[in-house]
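Okay, structure-v2.cif now, which holds mmCIF, C-alpha atoms and all ligand atoms:
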data_query
#
loop_
_atom_site.label_atom_id
_atom_site.label_comp_id
_atom_site.auth_asym_id
_atom_site.auth_seq_id
_atom_site.Cartn_x
_atom_site.Cartn_y
_atom_site.Cartn_z
CA MET A 1 -61.41 40.54 -86.17
CA VAL A 2 -59.43 40.66 -82.93
CA ARG A 3 -62.65 40.13 -80.95
CA LEU A 4 -63.80 37.37 -83.30
CA ALA A 5 -60.46 35.60 -82.90
CA GLY A 6 -61.18 35.43 -79.17
CA VAL A 7 -57.69 36.68 -78.34
CA GLY A 8 -57.18 37.15 -74.60
CA PRO A 9 -54.49 38.07 -72.07
CA ASP A 10 -53.09 34.52 -71.94
CA ASP A 11 -52.49 34.26 -75.68
CA THR A 12 -49.33 34.67 -77.68
CA VAL A 13 -50.55 35.55 -81.15
CA LEU A 14 -48.80 35.10 -84.46
CA GLU A 15 -49.66 37.70 -87.09
CA ILE A 16 -48.33 37.17 -90.61
CA GLY A 17 -48.08 40.24 -92.84
CA PRO A 18 -48.94 43.00 -90.34
CA GLY A 19 -48.25 45.68 -92.96
CA LEU A 20 -48.90 49.13 -91.51
CA GLY A 21 -50.20 47.53 -88.31
CA SER A 22 -53.92 48.30 -88.35
CA MET A 23 -54.75 44.89 -86.89
CA THR A 24 -51.55 44.62 -84.86
CA LEU A 25 -52.65 47.51 -82.64
CA GLY A 26 -55.81 45.66 -81.59
CA LEU A 27 -53.97 42.38 -81.14
CA VAL A 28 -51.30 43.94 -78.94
CA GLU A 29 -53.98 45.50 -76.75
CA ALA A 30 -55.79 42.18 -76.30
CA ALA A 31 -52.99 39.58 -76.14
CA LYS A 32 -50.19 38.67 -73.79
CA ALA A 33 -47.72 38.95 -76.66
CA VAL A 34 -47.84 39.37 -80.42
CA VAL A 35 -45.22 38.01 -82.80
CA ALA A 36 -45.61 39.82 -86.12
CA VAL A 37 -43.81 38.32 -89.11
CA GLU A 38 -43.43 40.78 -91.97
CA VAL A 39 -41.44 40.06 -95.14
CA ASP A 40 -41.11 43.71 -96.14
CA ARG A 41 -38.14 45.06 -94.17
CA PRO A 42 -39.09 48.76 -94.20
CA LEU A 43 -42.61 47.84 -92.98
CA ALA A 44 -41.12 45.55 -90.32
CA ALA A 45 -38.84 48.35 -89.13
CA ALA A 46 -41.69 50.88 -88.99
CA LEU A 47 -44.13 48.68 -87.05
CA PRO A 48 -42.64 49.00 -83.53
CA VAL A 49 -42.46 52.78 -84.05
CA THR A 50 -46.14 52.91 -85.07
CA VAL A 51 -47.21 50.78 -82.12
CA ALA A 52 -45.06 52.73 -79.62
CA ALA A 53 -46.58 56.00 -80.87
CA ARG A 54 -50.16 54.79 -80.35
CA LEU A 55 -50.11 52.59 -77.28
CA PRO A 56 -48.79 52.98 -73.71
CA ALA A 57 -45.25 51.65 -73.29
CA ASP A 58 -46.30 48.72 -71.09
CA VAL A 59 -48.72 47.59 -73.82
CA ALA A 60 -46.46 48.31 -76.81
CA GLU A 61 -43.73 46.16 -75.30
CA ARG A 62 -45.85 43.06 -75.93
CA LEU A 63 -44.96 43.28 -79.62
CA ARG A 64 -42.10 41.36 -81.24
CA VAL A 65 -41.47 41.95 -84.93
CA VAL A 66 -39.66 39.37 -87.03
CA ALA A 67 -38.52 40.44 -90.51
CA ALA A 68 -38.95 37.13 -92.32
CA ASP A 69 -40.92 35.25 -94.94
CA GLY A 70 -44.00 33.64 -93.41
CA LEU A 71 -43.70 30.84 -95.98
CA ARG A 72 -40.45 29.71 -94.37
CA VAL A 73 -40.60 30.85 -90.78
CA THR A 74 -39.96 28.19 -88.13
CA LEU A 75 -39.98 28.19 -84.35
CA ALA A 76 -36.22 28.85 -84.41
CA ASP A 77 -36.86 32.22 -86.13
CA LEU A 78 -39.29 33.40 -83.46
CA PRO A 79 -38.26 35.29 -80.32
CA ALA A 80 -37.35 33.06 -77.41
CA ASP A 81 -38.44 35.54 -74.74
CA VAL A 82 -42.17 35.01 -75.37
CA ALA A 83 -44.13 31.76 -75.45
CA ALA A 84 -44.46 29.96 -78.78
CA PRO A 85 -47.59 31.35 -80.48
CA GLY A 86 -50.78 29.43 -79.83
CA VAL A 87 -53.10 31.57 -81.97
CA LEU A 88 -52.80 32.70 -85.58
CA ALA A 89 -54.69 35.91 -86.35
CA ALA A 90 -53.92 37.34 -89.74
CA ASN A 91 -55.18 39.01 -92.85
CA LEU A 92 -53.10 36.68 -94.99
CA PRO A 93 -51.41 37.84 -98.17
CA TYR A 94 -54.09 36.58 -100.58
CA ASN A 95 -51.88 35.21 -103.36
CA ILE A 96 -50.11 32.79 -100.98
CA ALA A 97 -52.80 32.24 -98.34
CA VAL A 98 -53.17 28.46 -98.73
CA PRO A 99 -49.47 27.46 -98.67
CA LEU A 100 -48.91 29.97 -95.87
CA LEU A 101 -51.65 28.52 -93.69
CA LEU A 102 -50.76 24.87 -94.35
CA GLY A 103 -47.04 25.54 -93.92
CA LEU A 104 -47.53 27.35 -90.62
CA LEU A 105 -49.66 24.49 -89.27
CA GLU A 106 -46.94 22.02 -90.30
CA ARG A 107 -43.93 23.97 -88.99
CA LEU A 108 -45.45 25.53 -85.85
CA PRO A 109 -47.15 22.80 -83.80
CA SER A 110 -47.73 25.34 -81.01
CA LEU A 111 -50.52 26.93 -83.10
CA ARG A 112 -53.75 25.56 -81.59
CA ARG A 113 -56.34 27.77 -83.24
CA GLY A 114 -56.75 30.81 -85.36
CA LEU A 115 -58.78 33.19 -87.46
CA VAL A 116 -57.56 34.24 -90.87
CA MET A 117 -58.94 36.52 -93.54
CA VAL A 118 -58.54 35.30 -97.11
CA GLN A 119 -60.20 35.87 -100.48
CA ALA A 120 -63.87 34.79 -100.26
CA GLU A 121 -63.45 31.97 -102.79
CA VAL A 122 -60.46 30.64 -100.86
CA ALA A 123 -62.44 30.76 -97.60
CA ASP A 124 -65.18 28.71 -99.30
CA ARG A 125 -62.64 26.18 -100.55
CA LEU A 126 -60.79 25.85 -97.23
CA THR A 127 -64.01 25.12 -95.34
CA ALA A 128 -65.88 23.03 -97.95
CA PRO A 129 -67.10 19.54 -96.93
CA PRO A 130 -66.54 16.42 -99.10
CA GLY A 131 -68.88 16.34 -102.08
CA SER A 132 -69.17 20.10 -102.31
CA ARG A 133 -68.48 21.71 -105.69
CA VAL A 134 -65.58 23.68 -104.21
CA TYR A 135 -64.13 20.87 -102.08
CA GLY A 136 -60.56 20.37 -103.21
CA ALA A 137 -56.96 19.82 -102.17
CA PRO A 138 -56.88 22.89 -99.85
CA SER A 139 -60.03 21.71 -98.01
CA VAL A 140 -58.80 18.19 -97.38
CA LYS A 141 -55.20 19.22 -96.59
CA LEU A 142 -56.42 21.75 -94.03
CA ALA A 143 -58.58 18.96 -92.54
CA TRP A 144 -55.35 16.98 -91.90
CA TYR A 145 -54.40 19.64 -89.35
CA ALA A 146 -57.57 21.27 -88.16
CA HIS A 147 -61.33 21.59 -88.05
CA ALA A 148 -62.12 24.70 -90.08
CA ARG A 149 -65.34 26.64 -90.43
CA PRO A 150 -66.47 29.79 -92.20
CA ALA A 151 -66.54 32.65 -89.69
CA GLY A 152 -68.05 35.47 -91.68
CA ALA A 153 -68.02 37.35 -94.95
CA VAL A 154 -66.11 40.59 -95.34
CA PRO A 155 -67.48 42.50 -98.33
CA ARG A 156 -65.13 44.71 -100.31
CA PRO A 157 -66.76 48.09 -99.39
CA VAL A 158 -65.49 47.80 -95.78
CA PHE A 159 -61.95 48.43 -97.09
CA TRP A 160 -60.42 51.62 -98.35
CA PRO A 161 -59.16 51.61 -101.02
CA GLN A 162 -61.75 49.08 -102.14
CA PRO A 163 -60.15 45.81 -103.36
CA ASN A 164 -61.52 43.99 -106.39
CA VAL A 165 -62.28 40.81 -104.40
CA ASP A 166 -64.55 39.96 -101.49
CA SER A 167 -62.99 38.44 -98.38
CA GLY A 168 -63.98 35.82 -95.87
CA LEU A 169 -62.93 34.71 -92.42
CA VAL A 170 -61.89 31.14 -91.66
CA ALA A 171 -61.68 29.93 -88.07
CA PHE A 172 -59.76 26.78 -87.31
CA ALA A 173 -58.93 24.63 -84.30
CA ARG A 174 -56.20 22.04 -84.41
CA ARG A 175 -57.36 18.44 -84.20
CA PRO A 176 -55.49 15.22 -83.47
CA LEU A 177 -53.81 14.05 -86.67
CA PRO A 178 -56.12 11.71 -88.58
CA GLY A 179 -53.17 9.49 -89.51
CA PRO A 180 -49.49 8.89 -88.62
CA ALA A 181 -47.36 12.03 -89.12
CA ARG A 182 -44.85 10.02 -91.18
CA LEU A 183 -47.58 9.44 -93.80
CA ARG A 184 -48.34 13.17 -94.28
CA ALA A 185 -46.32 13.60 -97.48
CA ASP A 186 -47.91 10.52 -99.03
CA VAL A 187 -51.42 11.50 -97.93
CA PHE A 188 -50.87 14.90 -99.56
CA ALA A 189 -49.47 13.23 -102.73
CA ALA A 190 -52.64 11.11 -102.96
CA ILE A 191 -54.77 14.24 -102.50
CA ASP A 192 -52.83 16.09 -105.21
CA ALA A 193 -53.24 13.13 -107.59
CA ALA A 194 -56.97 12.78 -106.88
CA PHE A 195 -57.70 16.47 -107.45
CA ALA A 196 -55.37 16.88 -110.44
CA GLN A 197 -58.08 14.98 -112.35
CA ARG A 198 -61.08 15.62 -110.15
CA ARG A 199 -63.69 14.44 -112.68
CA LYS A 200 -61.93 11.08 -113.11
CA THR A 201 -62.49 8.00 -110.97
CA LEU A 202 -59.90 7.18 -108.32
CA ARG A 203 -58.77 4.18 -110.38
CA THR A 204 -57.64 6.61 -113.10
CA ALA A 205 -56.72 9.68 -111.08
CA LEU A 206 -54.60 7.79 -108.55
CA ALA A 207 -52.79 5.70 -111.18
CA PRO A 208 -49.67 7.97 -111.33
CA TRP A 209 -49.46 7.89 -107.53
CA ALA A 210 -50.15 4.16 -107.16
CA GLY A 211 -48.11 2.98 -110.18
CA SER A 212 -50.96 1.88 -112.46
CA PRO A 213 -54.78 1.94 -112.66
CA ALA A 214 -54.86 -1.66 -111.40
CA ALA A 215 -52.64 -0.79 -108.43
CA ALA A 216 -54.84 2.26 -107.71
CA GLY A 217 -57.90 -0.01 -107.74
CA ASP A 218 -56.22 -2.50 -105.40
CA LEU A 219 -55.17 0.25 -102.97
CA ALA A 220 -58.65 1.75 -103.01
CA ARG A 221 -60.23 -1.62 -102.19
CA ALA A 222 -57.66 -2.23 -99.42
CA ALA A 223 -58.59 1.20 -98.05
CA GLU A 224 -62.31 0.39 -98.22
CA VAL A 225 -62.81 3.07 -100.83
CA ASP A 226 -64.78 2.56 -104.06
CA PRO A 227 -62.24 2.67 -106.95
CA GLY A 228 -65.05 4.04 -109.14
CA ALA A 229 -65.64 7.03 -106.86
CA ARG A 230 -64.11 10.45 -107.41
CA GLY A 231 -61.60 12.02 -105.05
CA GLU A 232 -64.01 14.87 -104.38
CA THR A 233 -66.19 12.48 -102.35
CA LEU A 234 -63.40 11.36 -99.98
CA ASP A 235 -62.74 12.84 -96.57
CA ILE A 236 -59.29 13.11 -94.99
CA ALA A 237 -59.73 9.77 -93.19
CA ALA A 238 -60.21 8.00 -96.53
CA PHE A 239 -57.05 9.61 -97.96
CA CYS A 240 -55.19 8.45 -94.85
CA ARG A 241 -56.41 4.90 -95.41
CA LEU A 242 -55.21 5.05 -99.04
CA ALA A 243 -51.74 6.21 -97.97
CA ALA A 244 -51.62 3.55 -95.24
CA ALA A 245 -52.56 0.88 -97.81
CA ARG A 246 -49.75 2.09 -100.10
CA ALA A 247 -47.26 2.07 -97.20
CA ALA A 248 -48.34 -1.48 -96.26
CA ARG A 249 -47.81 -2.59 -99.87
CA SER A 250 -44.22 -1.26 -99.88
CA ASP A 251 -43.33 -2.79 -96.49
C1 LIG A 301 -52.83 41.34 -97.27
S1 LIG A 301 -51.55 41.48 -96.07
C2 LIG A 301 -52.42 42.60 -95.00
C3 LIG A 301 -51.80 43.79 -94.30
C4 LIG A 301 -52.40 44.15 -92.96
N1 LIG A 301 -52.33 43.00 -92.06
C5 LIG A 301 -53.82 44.62 -93.06
O1 LIG A 301 -54.71 43.90 -92.57
O2 LIG A 301 -54.08 45.69 -93.59
C6 LIG A 301 -50.27 42.24 -96.81
C7 LIG A 301 -49.01 42.21 -95.95
O3 LIG A 301 -48.41 40.93 -95.98
C8 LIG A 301 -47.01 41.09 -96.17
N2 LIG A 301 -46.52 39.85 -96.76
C9 LIG A 301 -46.66 39.41 -98.03
N3 LIG A 301 -46.09 38.22 -98.19
C10 LIG A 301 -45.57 37.86 -97.00
C11 LIG A 301 -44.85 36.74 -96.52
N4 LIG A 301 -44.54 35.73 -97.34
N5 LIG A 301 -44.48 36.70 -95.23
C12 LIG A 301 -44.79 37.72 -94.39
N6 LIG A 301 -45.46 38.83 -94.78
C13 LIG A 301 -45.85 38.90 -96.06
C14 LIG A 301 -46.90 42.31 -97.07
O4 LIG A 301 -45.61 42.89 -97.03
C15 LIG A 301 -47.98 43.20 -96.47
O5 LIG A 301 -47.48 43.94 -95.39
#

Starting from the file, give its structure as structure tokens.
Ligand SMILES: C[S@+](CC[C@H](N)C(=O)[O-])C[C@H]1O[C@@H](n2cnc3c(N)ncnc32)[C@H](O)[C@@H]1O
Amino acid sequence: MVRLAGVGPDDTVLEIGPGLGSMTLGLVEAAKAVVAVEVDRPLAAALPVTVAARLPADVAERLRVVAADGLRVTLADLPADVAAPGVLAANLPYNIAVPLLLGLLERLPSLRRGLVMVQAEVADRLTAPPGSRVYGAPSVKLAWYAHARPAGAVPRPVFWPQPNVDSGLVAFARRPLPGPARLRADVFAAIDAAFAQRRKTLRTALAPWAGSPAAAGDLARAAEVDPGARGETLDIAAFCRLAAARAARSD
């Protein structure tokens, strides 16, 4: 995974949930610096000891461990003596993988690219294109921040003990925002509304967000979107146009 992430000697890498450090060791060997954020304090305390025992001192010193919750961590929590991380490389805690990834992209603008391992179904969802059966709120919200692509399947037998789910890798590269940053919350609210009733037309599904079915229809037309279409056919640019139309209406 370290090789696949393309981590090199110029990179400061963020690892969330290093656990016992199996991946951290490879990252520390390859990167300029590794910032490992671990919520479990005993694991966080043990990690520098593990790394110091296995790697030469001049390599081990590239590691910084932060005992914190990856769901909340901000730049202010990270060590100031290494560059802000530009690469995320992590086997994400599976139950919180989507909010973790989206939250990190929102709070840490220094992250330019990354490779994360998640449950296979989540990898499919995060990288699905519009119109796909598994395209949903995670796919289109991730598209707000980044281009994402599937980067490989990781079947359960490669792990010991064997988990009861398959895993998948998702590679991402940050892209210019598809709309004004101030509209992000409203774009995401439109996405949540559209996918809360994914089989309904936008006129119906967006009604709670727009105020009424008629208002949803008007906003869709102003955004050059068919009010009779379903949210699952819209890309991130279309959701941005919807939020911009709503903002223009309230101005
Ligand atoms: C599935 S991850 C993988 C562990 C390790 N990176 C590996 O590949 O074997 C589990 C790790 O994430 C940590 N973790 C869980 N939730 C976290 C959070 N919100 N922030 C940071 N670490 C978290 C757990 O304590 C555990 O060490």

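The interatomic distance for the pair CA of Ala238 in chain A and CA of Ala151 in chain A works out to 26.4 Å.
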
Emit as lines of an AutoDock Vina configuration file the padded axis-aligned box for all listed atoms of ligand LIG 301 (chain A), 5 Å per side, with centre and edge lengths in Å to one decimal.
center_x = -49.6
center_y = 40.7
center_z = -95.1
size_x = 20.2
size_y = 20.0
size_z = 16.1

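Of note, CA of Val28 in chain A and atom C12 of ligand LIG 301 (chain A) are spaced 17.9 Å apart.
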
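When CA of Leu78 in chain A is paired with CA of Leu47 in chain A, their separation reads 16.4 Å.
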
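Around range 160-168 of chain A, within 9 Å and counting all atoms listed in the file, the residues found are A:Val116, A:Met117, A:Val118, A:Gln119, A:Ala120, A:Glu121, A:Val122, A:Ala123, A:Asp124, A:Pro150, A:Ala151, A:Gly152, A:Ala153, A:Val154, A:Pro155, once anything fewer than 5 positions away on its own chain is removed.
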
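With distances taken over only C-alpha atoms and all ligand atoms, A:Asn91 is the one residue among A:Thr12, A:Asn91, A:Ser132, A:Gln197 lying closest to ligand LIG 301 (chain A).
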
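Using all atoms listed in the file, the shortest contact distance between ligand LIG 301 (chain A) and any of A:Ala185, A:Ala44, A:Val87, A:Ala194 is found at A:Ala44.
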
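Proximity of A:Lys32, A:Arg41, A:Gly70, A:Ala60 to ligand LIG 301 (chain A), computed with all atoms listed in the file, is greatest for A:Gly70.
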
Completion exercise
Between A:Ile236, A:Leu100, A:Ala223, A:Ala57, smallest distance to Ala137 in chain A by all atoms listed in the file belongs to A:Ile236

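A distance cut-off of 6 Å from ligand LIG 301 (chain A), applied to all atoms listed in the file, picks out the residues Ile16, Gly17, Pro18, Gly19, Ser22, Met23, Val37, Glu38, Val39, Asp40, Asp69, Gly70, Leu71, Asn91, Leu92, Pro93 and Tyr94 of chain A.
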
Next, the residues of the selection above should be written as a PDB file, in the frame of the given file with C-alpha atoms.
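Generated output (again-v3.pdb):
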ATOM      1  CA  ILE A  16     -48.330  37.170 -90.610  1.00  0.00           C
ATOM      2  CA  GLY A  17     -48.080  40.240 -92.840  1.00  0.00           C
ATOM      3  CA  PRO A  18     -48.940  43.000 -90.340  1.00  0.00           C
ATOM      4  CA  GLY A  19     -48.250  45.680 -92.960  1.00  0.00           C
ATOM      5  CA  SER A  22     -53.920  48.300 -88.350  1.00  0.00           C
ATOM      6  CA  MET A  23     -54.750  44.890 -86.890  1.00  0.00           C
ATOM      7  CA  VAL A  37     -43.810  38.320 -89.110  1.00  0.00           C
ATOM      8  CA  GLU A  38     -43.430  40.780 -91.970  1.00  0.00           C
ATOM      9  CA  VAL A  39     -41.440  40.060 -95.140  1.00  0.00           C
ATOM     10  CA  ASP A  40     -41.110  43.710 -96.140  1.00  0.00           C
ATOM     11  CA  ASP A  69     -40.920  35.250 -94.940  1.00  0.00           C
ATOM     12  CA  GLY A  70     -44.000  33.640 -93.410  1.00  0.00           C
ATOM     13  CA  LEU A  71     -43.700  30.840 -95.980  1.00  0.00           C
ATOM     14  CA  ASN A  91     -55.180  39.010 -92.850  1.00  0.00           C
ATOM     15  CA  LEU A  92     -53.100  36.680 -94.990  1.00  0.00           C
ATOM     16  CA  PRO A  93     -51.410  37.840 -98.170  1.00  0.00           C
ATOM     17  CA  TYR A  94     -54.090  36.580-100.580  1.00  0.00           C
TER      18      TYR A  94
END

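Summary of the local environment: counting all atoms listed in the file, residues at most 12 Å from Val59 in chain A, other than itself and those fewer than 2 positions away along its chain, are Pro9, Thr24, Leu25, Gly26, Leu27, Val28, Glu29, Ala30, Ala31, Lys32, Ala33, Val34, Pro48, Val51, Ala52, Ala53, Arg54, Leu55, Pro56, Ala57, Glu61, Arg62, Leu63 and Arg64 of chain A.
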
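Using only C-alpha atoms for every distance, the candidate list A:Pro129, A:Pro138, A:Gly6, A:Pro157 yields A:Pro138 as the residue closest to Leu102 in chain A.
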
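Of the residues under consideration (A:Ala243, A:Val98, A:Leu183, A:Ala67), A:Val98 shows the shortest atom-to-atom contact distance to Gly136 in chain A when counting all atoms listed in the file.
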